[in-house]
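Asker: Next comes the structure file model-v6.txt, holding compact mmCIF, N, CA and C atoms and all ligand atoms.
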```txt
# COMPACT_ATOMS: atom_id res chain seq x y z
N MET A 1 92.60 106.05 80.55
CA MET A 1 93.27 105.09 81.43
C MET A 1 93.75 103.88 80.61
N ASN A 2 94.98 103.47 80.79
CA ASN A 2 95.51 102.32 80.06
C ASN A 2 94.83 101.04 80.51
N LYS A 3 94.51 100.19 79.52
CA LYS A 3 93.94 98.92 79.92
C LYS A 3 94.97 97.81 79.74
N SER A 4 96.01 97.88 80.55
CA SER A 4 97.00 96.81 80.62
C SER A 4 97.82 97.06 81.86
N ILE A 5 98.55 96.05 82.27
CA ILE A 5 99.33 96.17 83.50
C ILE A 5 100.68 96.79 83.16
N PRO A 6 100.98 97.97 83.71
CA PRO A 6 102.27 98.60 83.40
C PRO A 6 103.42 97.95 84.17
N GLU A 7 104.62 98.17 83.68
CA GLU A 7 105.82 97.76 84.42
C GLU A 7 106.45 99.00 85.03
N ILE A 8 107.25 98.79 86.07
CA ILE A 8 108.02 99.91 86.61
C ILE A 8 109.47 99.68 86.18
N ASP A 9 109.98 100.59 85.36
CA ASP A 9 111.36 100.48 84.88
C ASP A 9 112.26 101.18 85.89
N VAL A 10 112.76 100.41 86.85
CA VAL A 10 113.47 100.98 88.00
C VAL A 10 114.76 101.68 87.55
N ARG A 11 115.47 101.06 86.62
CA ARG A 11 116.75 101.67 86.19
C ARG A 11 116.51 103.03 85.54
N ARG A 12 115.48 103.10 84.70
CA ARG A 12 115.22 104.36 84.02
C ARG A 12 114.77 105.42 85.02
N CYS A 13 113.93 105.00 85.99
CA CYS A 13 113.48 105.96 87.01
C CYS A 13 114.67 106.50 87.80
N VAL A 14 115.57 105.61 88.19
CA VAL A 14 116.73 106.03 89.00
C VAL A 14 117.63 106.94 88.16
N ALA A 15 117.84 106.59 86.89
CA ALA A 15 118.68 107.42 86.01
C ALA A 15 118.09 108.84 85.87
N ARG A 16 116.78 108.92 85.92
CA ARG A 16 116.12 110.24 85.82
C ARG A 16 115.93 110.90 87.17
N LYS A 17 116.42 110.26 88.23
CA LYS A 17 116.24 110.74 89.61
C LYS A 17 114.76 110.97 89.93
N CYS A 18 113.97 110.08 89.43
CA CYS A 18 112.52 110.15 89.67
C CYS A 18 112.16 108.93 90.50
N TYR A 19 112.00 109.14 91.80
CA TYR A 19 111.92 107.99 92.71
C TYR A 19 110.51 107.63 93.15
N GLU A 20 109.54 108.34 92.60
CA GLU A 20 108.18 107.94 92.94
C GLU A 20 107.23 108.31 91.81
N GLY A 21 106.10 107.66 91.81
CA GLY A 21 105.15 107.94 90.75
C GLY A 21 103.82 107.28 91.02
N GLU A 22 102.90 107.56 90.11
CA GLU A 22 101.55 107.01 90.22
C GLU A 22 101.26 106.15 89.01
N LEU A 23 100.52 105.09 89.24
CA LEU A 23 100.08 104.22 88.15
C LEU A 23 98.57 104.05 88.27
N ASN A 24 97.85 104.53 87.29
CA ASN A 24 96.39 104.36 87.25
C ASN A 24 96.07 103.58 85.99
N PHE A 25 95.47 102.42 86.16
CA PHE A 25 95.21 101.58 84.99
C PHE A 25 94.11 100.58 85.33
N SER A 26 93.65 99.89 84.29
CA SER A 26 92.70 98.82 84.54
C SER A 26 93.16 97.59 83.76
N PHE A 27 92.69 96.44 84.20
CA PHE A 27 93.12 95.20 83.55
C PHE A 27 92.04 94.15 83.74
N ASP A 28 92.04 93.15 82.89
CA ASP A 28 91.07 92.07 83.01
C ASP A 28 91.57 91.04 84.02
N ALA A 29 90.75 90.76 85.02
CA ALA A 29 91.12 89.74 85.99
C ALA A 29 90.91 88.36 85.36
N GLU A 30 91.67 87.40 85.83
CA GLU A 30 91.48 86.02 85.35
C GLU A 30 90.18 85.48 85.93
N ASP A 31 89.32 84.99 85.07
CA ASP A 31 88.05 84.44 85.54
C ASP A 31 88.26 83.26 86.49
N GLY A 32 89.37 82.56 86.31
CA GLY A 32 89.67 81.40 87.15
C GLY A 32 89.84 81.74 88.62
N LEU A 33 90.08 83.02 88.93
CA LEU A 33 90.25 83.43 90.32
C LEU A 33 88.94 83.41 91.09
N LEU A 34 87.84 83.56 90.32
CA LEU A 34 86.53 83.74 90.94
C LEU A 34 85.85 82.39 91.08
N ASP A 35 85.45 82.06 92.30
CA ASP A 35 84.95 80.72 92.58
C ASP A 35 83.52 80.76 93.12
N ILE A 36 82.72 81.76 92.70
CA ILE A 36 81.33 81.84 93.16
C ILE A 36 80.45 81.42 91.98
N PRO A 37 79.57 80.43 92.16
CA PRO A 37 78.74 79.98 91.04
C PRO A 37 77.90 81.11 90.46
N LEU A 38 77.85 81.20 89.12
CA LEU A 38 76.98 82.15 88.41
C LEU A 38 77.29 83.62 88.72
N VAL A 39 78.52 83.90 89.06
CA VAL A 39 78.96 85.27 89.30
C VAL A 39 80.21 85.51 88.45
N ALA A 40 80.30 86.70 87.84
CA ALA A 40 81.46 87.03 86.99
C ALA A 40 81.88 88.48 87.23
N PHE A 41 83.08 88.82 86.78
CA PHE A 41 83.52 90.21 86.82
C PHE A 41 82.68 91.00 85.83
N ALA A 42 82.09 92.12 86.29
CA ALA A 42 81.24 92.92 85.42
C ALA A 42 82.06 93.92 84.61
N SER A 43 83.29 94.15 85.00
CA SER A 43 84.13 95.14 84.33
C SER A 43 85.59 94.81 84.65
N PRO A 44 86.51 95.46 83.95
CA PRO A 44 87.93 95.27 84.30
C PRO A 44 88.20 95.75 85.74
N VAL A 45 89.26 95.25 86.32
CA VAL A 45 89.70 95.71 87.64
C VAL A 45 90.41 97.05 87.46
N THR A 46 90.09 98.01 88.33
CA THR A 46 90.75 99.32 88.28
C THR A 46 91.80 99.37 89.39
N ALA A 47 92.99 99.82 89.06
CA ALA A 47 94.07 99.94 90.06
C ALA A 47 94.55 101.38 90.12
N ARG A 48 94.69 101.89 91.34
CA ARG A 48 95.28 103.21 91.57
C ARG A 48 96.42 103.01 92.55
N LEU A 49 97.63 103.02 92.02
CA LEU A 49 98.80 102.68 92.83
C LEU A 49 99.81 103.83 92.84
N ARG A 50 100.57 103.87 93.94
CA ARG A 50 101.72 104.78 94.02
C ARG A 50 102.94 103.91 94.27
N TYR A 51 104.07 104.29 93.69
CA TYR A 51 105.28 103.52 93.99
C TYR A 51 106.39 104.45 94.44
N GLU A 52 107.30 103.89 95.21
CA GLU A 52 108.45 104.64 95.68
C GLU A 52 109.67 103.72 95.59
N ILE A 53 110.74 104.23 95.02
CA ILE A 53 111.98 103.46 94.88
C ILE A 53 112.95 103.92 95.96
N PHE A 54 113.41 102.98 96.78
CA PHE A 54 114.32 103.33 97.87
C PHE A 54 115.78 103.24 97.42
N GLU A 55 116.68 103.71 98.30
CA GLU A 55 118.11 103.75 97.95
C GLU A 55 118.69 102.38 97.62
N ASP A 56 118.14 101.33 98.26
CA ASP A 56 118.65 99.98 97.98
C ASP A 56 117.92 99.31 96.81
N ASP A 57 117.18 100.12 96.04
CA ASP A 57 116.42 99.64 94.88
C ASP A 57 115.21 98.80 95.23
N ALA A 58 114.86 98.70 96.52
CA ALA A 58 113.58 98.09 96.86
C ALA A 58 112.48 99.04 96.37
N VAL A 59 111.39 98.48 95.91
CA VAL A 59 110.29 99.29 95.38
C VAL A 59 109.03 98.99 96.19
N GLU A 60 108.48 100.05 96.81
CA GLU A 60 107.25 99.88 97.56
C GLU A 60 106.08 100.30 96.68
N VAL A 61 105.06 99.47 96.65
CA VAL A 61 103.85 99.76 95.86
C VAL A 61 102.66 99.73 96.81
N LYS A 62 101.85 100.79 96.77
CA LYS A 62 100.69 100.90 97.66
C LYS A 62 99.52 101.46 96.89
N GLY A 63 98.33 101.10 97.29
CA GLY A 63 97.18 101.71 96.65
C GLY A 63 95.93 100.89 96.82
N THR A 64 94.99 101.08 95.90
CA THR A 64 93.74 100.36 95.97
C THR A 64 93.40 99.74 94.61
N ILE A 65 92.70 98.64 94.68
CA ILE A 65 92.10 98.08 93.47
C ILE A 65 90.59 98.04 93.71
N SER A 66 89.82 98.13 92.65
CA SER A 66 88.38 97.94 92.80
C SER A 66 87.83 97.21 91.59
N PHE A 67 86.76 96.48 91.83
CA PHE A 67 86.14 95.71 90.76
C PHE A 67 84.69 95.47 91.12
N THR A 68 83.88 95.18 90.11
CA THR A 68 82.46 94.93 90.31
C THR A 68 82.15 93.49 89.92
N LEU A 69 81.43 92.82 90.79
CA LEU A 69 80.96 91.46 90.50
C LEU A 69 79.47 91.52 90.20
N ARG A 70 79.04 90.70 89.24
CA ARG A 70 77.63 90.66 88.87
C ARG A 70 77.23 89.20 88.70
N GLY A 71 76.01 88.91 89.15
CA GLY A 71 75.52 87.55 88.97
C GLY A 71 74.39 87.26 89.94
N GLU A 72 74.22 85.99 90.25
CA GLU A 72 73.12 85.60 91.11
C GLU A 72 73.53 85.65 92.58
N CYS A 73 72.63 86.23 93.39
CA CYS A 73 72.83 86.25 94.84
C CYS A 73 73.04 84.81 95.31
N SER A 74 74.05 84.61 96.16
CA SER A 74 74.39 83.26 96.60
C SER A 74 73.29 82.65 97.47
N ARG A 75 72.36 83.47 97.97
CA ARG A 75 71.31 82.94 98.83
C ARG A 75 69.96 82.82 98.12
N CYS A 76 69.50 83.96 97.47
CA CYS A 76 68.13 83.94 96.91
C CYS A 76 68.12 83.88 95.39
N LEU A 77 69.28 83.90 94.75
CA LEU A 77 69.42 83.78 93.30
C LEU A 77 68.93 84.99 92.50
N ALA A 78 68.59 86.11 93.18
CA ALA A 78 68.25 87.33 92.45
C ALA A 78 69.50 87.87 91.77
N GLN A 79 69.31 88.57 90.63
CA GLN A 79 70.45 89.21 89.97
C GLN A 79 70.92 90.37 90.83
N THR A 80 72.21 90.47 91.02
CA THR A 80 72.74 91.55 91.84
C THR A 80 74.13 91.92 91.37
N GLU A 81 74.61 93.08 91.82
CA GLU A 81 76.01 93.40 91.57
C GLU A 81 76.54 94.25 92.72
N GLU A 82 77.82 94.14 92.95
CA GLU A 82 78.42 94.88 94.05
C GLU A 82 79.85 95.22 93.67
N THR A 83 80.28 96.44 94.09
CA THR A 83 81.65 96.88 93.82
C THR A 83 82.49 96.70 95.08
N PHE A 84 83.65 96.14 94.92
CA PHE A 84 84.56 95.89 96.04
C PHE A 84 85.82 96.73 95.85
N THR A 85 86.29 97.34 96.93
CA THR A 85 87.54 98.10 96.89
C THR A 85 88.45 97.53 97.97
N HIS A 86 89.71 97.36 97.61
CA HIS A 86 90.63 96.69 98.52
C HIS A 86 91.96 97.46 98.54
N GLU A 87 92.44 97.77 99.75
CA GLU A 87 93.75 98.42 99.87
C GLU A 87 94.84 97.37 99.85
N THR A 88 95.94 97.73 99.23
CA THR A 88 97.01 96.74 99.11
C THR A 88 98.36 97.43 99.18
N GLU A 89 99.38 96.69 99.54
CA GLU A 89 100.74 97.19 99.44
C GLU A 89 101.70 96.02 99.35
N ALA A 90 102.84 96.26 98.73
CA ALA A 90 103.83 95.20 98.57
C ALA A 90 105.21 95.82 98.41
N LEU A 91 106.21 95.01 98.72
CA LEU A 91 107.59 95.44 98.55
C LEU A 91 108.24 94.50 97.54
N PHE A 92 108.88 95.10 96.53
CA PHE A 92 109.58 94.32 95.51
C PHE A 92 111.08 94.51 95.71
N LEU A 93 111.81 93.40 95.80
CA LEU A 93 113.25 93.47 96.03
C LEU A 93 114.00 92.99 94.79
N PRO A 94 115.14 93.65 94.47
CA PRO A 94 115.89 93.26 93.28
C PRO A 94 116.69 91.98 93.49
N LYS A 95 116.13 91.03 94.19
CA LYS A 95 116.79 89.75 94.50
C LYS A 95 115.70 88.70 94.59
N ALA A 96 116.10 87.50 94.95
CA ALA A 96 115.10 86.46 95.17
C ALA A 96 114.20 86.89 96.32
N PRO A 97 112.89 86.71 96.18
CA PRO A 97 111.99 87.14 97.25
C PRO A 97 112.12 86.29 98.50
N LEU A 98 111.89 86.95 99.64
CA LEU A 98 111.92 86.27 100.94
C LEU A 98 110.52 86.36 101.53
N GLY A 99 109.87 85.23 101.66
CA GLY A 99 108.57 85.21 102.32
C GLY A 99 107.55 86.11 101.67
N GLU A 100 107.17 87.18 102.35
CA GLU A 100 106.06 88.04 101.94
C GLU A 100 106.40 88.91 100.73
N GLU A 101 107.67 89.06 100.42
CA GLU A 101 108.04 90.03 99.41
C GLU A 101 108.07 89.42 98.02
N TYR A 102 108.06 90.31 97.04
CA TYR A 102 108.19 89.91 95.64
C TYR A 102 109.59 90.25 95.17
N GLY A 103 110.06 89.53 94.17
CA GLY A 103 111.36 89.85 93.59
C GLY A 103 111.17 90.49 92.22
N TYR A 104 112.23 91.12 91.72
CA TYR A 104 112.21 91.54 90.33
C TYR A 104 113.60 91.42 89.76
N THR A 105 113.66 91.24 88.45
CA THR A 105 114.96 91.06 87.81
C THR A 105 115.08 91.99 86.61
N GLY A 106 116.32 92.26 86.22
CA GLY A 106 116.56 93.08 85.03
C GLY A 106 116.11 94.53 85.18
N GLY A 107 115.90 94.97 86.43
CA GLY A 107 115.53 96.36 86.65
C GLY A 107 114.07 96.67 86.35
N ILE A 108 113.27 95.63 86.09
CA ILE A 108 111.87 95.85 85.73
C ILE A 108 110.96 95.18 86.77
N VAL A 109 110.09 95.96 87.39
CA VAL A 109 109.10 95.40 88.31
C VAL A 109 107.85 95.02 87.51
N ASP A 110 107.54 93.74 87.54
CA ASP A 110 106.35 93.22 86.86
C ASP A 110 105.26 93.07 87.92
N LEU A 111 104.15 93.78 87.73
CA LEU A 111 103.11 93.81 88.76
C LEU A 111 102.06 92.70 88.62
N ALA A 112 102.19 91.87 87.59
CA ALA A 112 101.12 90.91 87.28
C ALA A 112 100.83 89.94 88.44
N GLU A 113 101.87 89.34 89.00
CA GLU A 113 101.65 88.35 90.06
C GLU A 113 101.06 89.00 91.31
N PHE A 114 101.60 90.18 91.65
CA PHE A 114 101.10 90.95 92.80
C PHE A 114 99.61 91.29 92.61
N LEU A 115 99.23 91.71 91.41
CA LEU A 115 97.83 92.07 91.17
C LEU A 115 96.93 90.85 91.20
N ARG A 116 97.43 89.74 90.67
CA ARG A 116 96.66 88.50 90.72
C ARG A 116 96.42 88.11 92.20
N ASP A 117 97.47 88.19 93.02
CA ASP A 117 97.33 87.87 94.45
C ASP A 117 96.37 88.84 95.13
N THR A 118 96.47 90.11 94.78
CA THR A 118 95.61 91.13 95.40
C THR A 118 94.14 90.88 95.07
N VAL A 119 93.86 90.58 93.80
CA VAL A 119 92.47 90.29 93.41
C VAL A 119 91.99 89.04 94.14
N ALA A 120 92.83 88.00 94.18
CA ALA A 120 92.42 86.75 94.84
C ALA A 120 92.08 87.02 96.30
N PHE A 121 92.87 87.86 96.95
CA PHE A 121 92.67 88.18 98.37
C PHE A 121 91.41 89.03 98.57
N ALA A 122 91.11 89.89 97.62
CA ALA A 122 89.99 90.82 97.76
C ALA A 122 88.64 90.18 97.43
N LEU A 123 88.67 89.04 96.76
CA LEU A 123 87.40 88.43 96.35
C LEU A 123 86.62 87.92 97.56
N PRO A 124 85.31 88.18 97.57
CA PRO A 124 84.49 87.66 98.67
C PRO A 124 84.23 86.17 98.45
N ALA A 125 83.77 85.49 99.50
CA ALA A 125 83.45 84.07 99.39
C ALA A 125 82.10 83.86 98.70
N ARG A 126 81.24 84.91 98.75
CA ARG A 126 79.93 84.81 98.11
C ARG A 126 79.45 86.22 97.79
N LEU A 127 78.45 86.30 96.92
CA LEU A 127 77.87 87.58 96.54
C LEU A 127 76.43 87.60 97.06
N LEU A 128 76.07 88.64 97.82
CA LEU A 128 74.70 88.73 98.35
C LEU A 128 74.03 89.98 97.80
N CYS A 129 72.72 89.89 97.51
CA CYS A 129 71.97 91.06 97.08
C CYS A 129 71.69 91.94 98.30
N LYS A 130 71.16 93.14 98.05
CA LYS A 130 70.95 94.10 99.16
C LYS A 130 70.01 93.53 100.22
N THR A 131 68.96 92.84 99.76
CA THR A 131 67.98 92.30 100.69
C THR A 131 68.61 91.25 101.61
N CYS A 132 69.35 90.34 101.04
CA CYS A 132 69.97 89.28 101.85
C CYS A 132 71.07 89.84 102.75
N GLU A 133 71.75 90.90 102.29
CA GLU A 133 72.81 91.50 103.10
C GLU A 133 72.25 92.09 104.38
N GLU A 134 71.02 92.63 104.29
CA GLU A 134 70.43 93.30 105.44
C GLU A 134 69.87 92.33 106.47
N GLU A 135 69.69 91.09 106.08
CA GLU A 135 69.09 90.12 107.01
C GLU A 135 70.11 89.66 108.04
ZN ZN B 201 69.57 87.66 97.84
```
Could you express the structure from this file as structure tokens?
Ligand SMILES: [Zn+2]

Answerer:
Amino acid sequence: MNKSIPEIDVRRCVARKCYEGELNFSFDAEDGLLDIPLVAFASPVTARLRYEIFEDDAVEVKGTISFTLRGECSRCLAQTEETFTHETEALFLPKAPLGEEYGYTGGIVDLAEFLRDTVAFALPARLLCKTCEEE
């Protein structure tokens, strides 16, 4: 599995009449996204995405990301870790983005901002160990 964020080369895909594909990769999340004291990413974020290029060159990206957090339980301070999986989807338009959508230029879809937003959205507000979760 590649450990970097791939780009989608829309022009090349269209030239090859290949309008959909899969992207499986992992990447290091920015530590600055995580705002829980004494908790860190235990491993790179794993992404399993599918993309589809439409006739108007809009690109739909769908899939899941998952990551593991490790550190002190926010309540009892025991060491704990938990894996989170989050479903995501986005539409990339070959123009300036409108509201919820992302834009792309030069025929290349850059997934970095979308993945940063997805990780930020998927992060929990706190990390609880199994014992505290059951209470
Ligand atoms: Zn606990």

Asker: Extract, using all atoms listed in the file, all DNA, RNA and protein residues at most 5 Å from Glu52 of chain A, discarding same-chain residues fewer than 2 positions from it, and format them as a count of residues only.

Answerer: 6

Asker: Just the number, please: distance in Å from atom CA of His86 of chain A to atom CA of Asp57 of chain A, one decimal.

Answerer: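 Going from atom CA of His86 of chain A over to atom CA of Asp57 of chain A, I get 26.2 Å.
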
Asker: Using Å and a single decimal, report how far atom CA of Thr105 of chain A sits from atom CA of Val14 of chain A.

Answerer: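 Value for the atom CA of Val14 of chain A-atom CA of Thr105 of chain A distance: 15.1 Å.
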
Asker: Skipping near chain neighbours, those fewer than 4 positions away, what residues fall within 12 Å of segment 119-127 of chain A using only C-alpha atoms, listed as a PyMOL selection string?

Answerer: chain A and resi 27-41+44-47+64-88+112-115+131-133

Asker: Just to confirm, what's the straight-line distance from atom CA of Ile8 of chain A to atom N of Ile108 of chain A in Å (one decimal)?

Answerer: 6.8 Å

Asker: Of the candidates A:Val10, A:Lys130, A:Phe25, A:Glu135, which one gets nearest to ligand ZN 201 (chain B) if we count all atoms listed in the file?

Answerer: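 Closest candidate: A:Lys130.
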
Asker: Just the residues within 6 Å of Lys62 of chain A, please, counting all atoms listed in the file, with nothing from its chain fewer than 6 positions along; format it as a ChimeraX atom specification.

Answerer: /A:48-51,88-90

Asker: Please, which residues of segment 6-121 of chain A, numbered as in this document, come out alpha helix (DSSP H) from DSSP, as a list in words?

Answerer: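 Matching residues for alpha helix (DSSP H) in segment 6-121 of chain A are Val10, Arg11, Arg12, Cys13, Val14, Ala15, Ala112, Glu113, Phe114, Leu115, Arg116, Asp117, Thr118, Val119, Ala120 and Phe121 of chain A.
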
Asker: For ligand ZN 201 (chain B), which of A:Asp110, A:Glu134, A:Pro94, A:Leu128 is the closest residue, counting all atoms listed in the file?

Answerer: A:Leu128
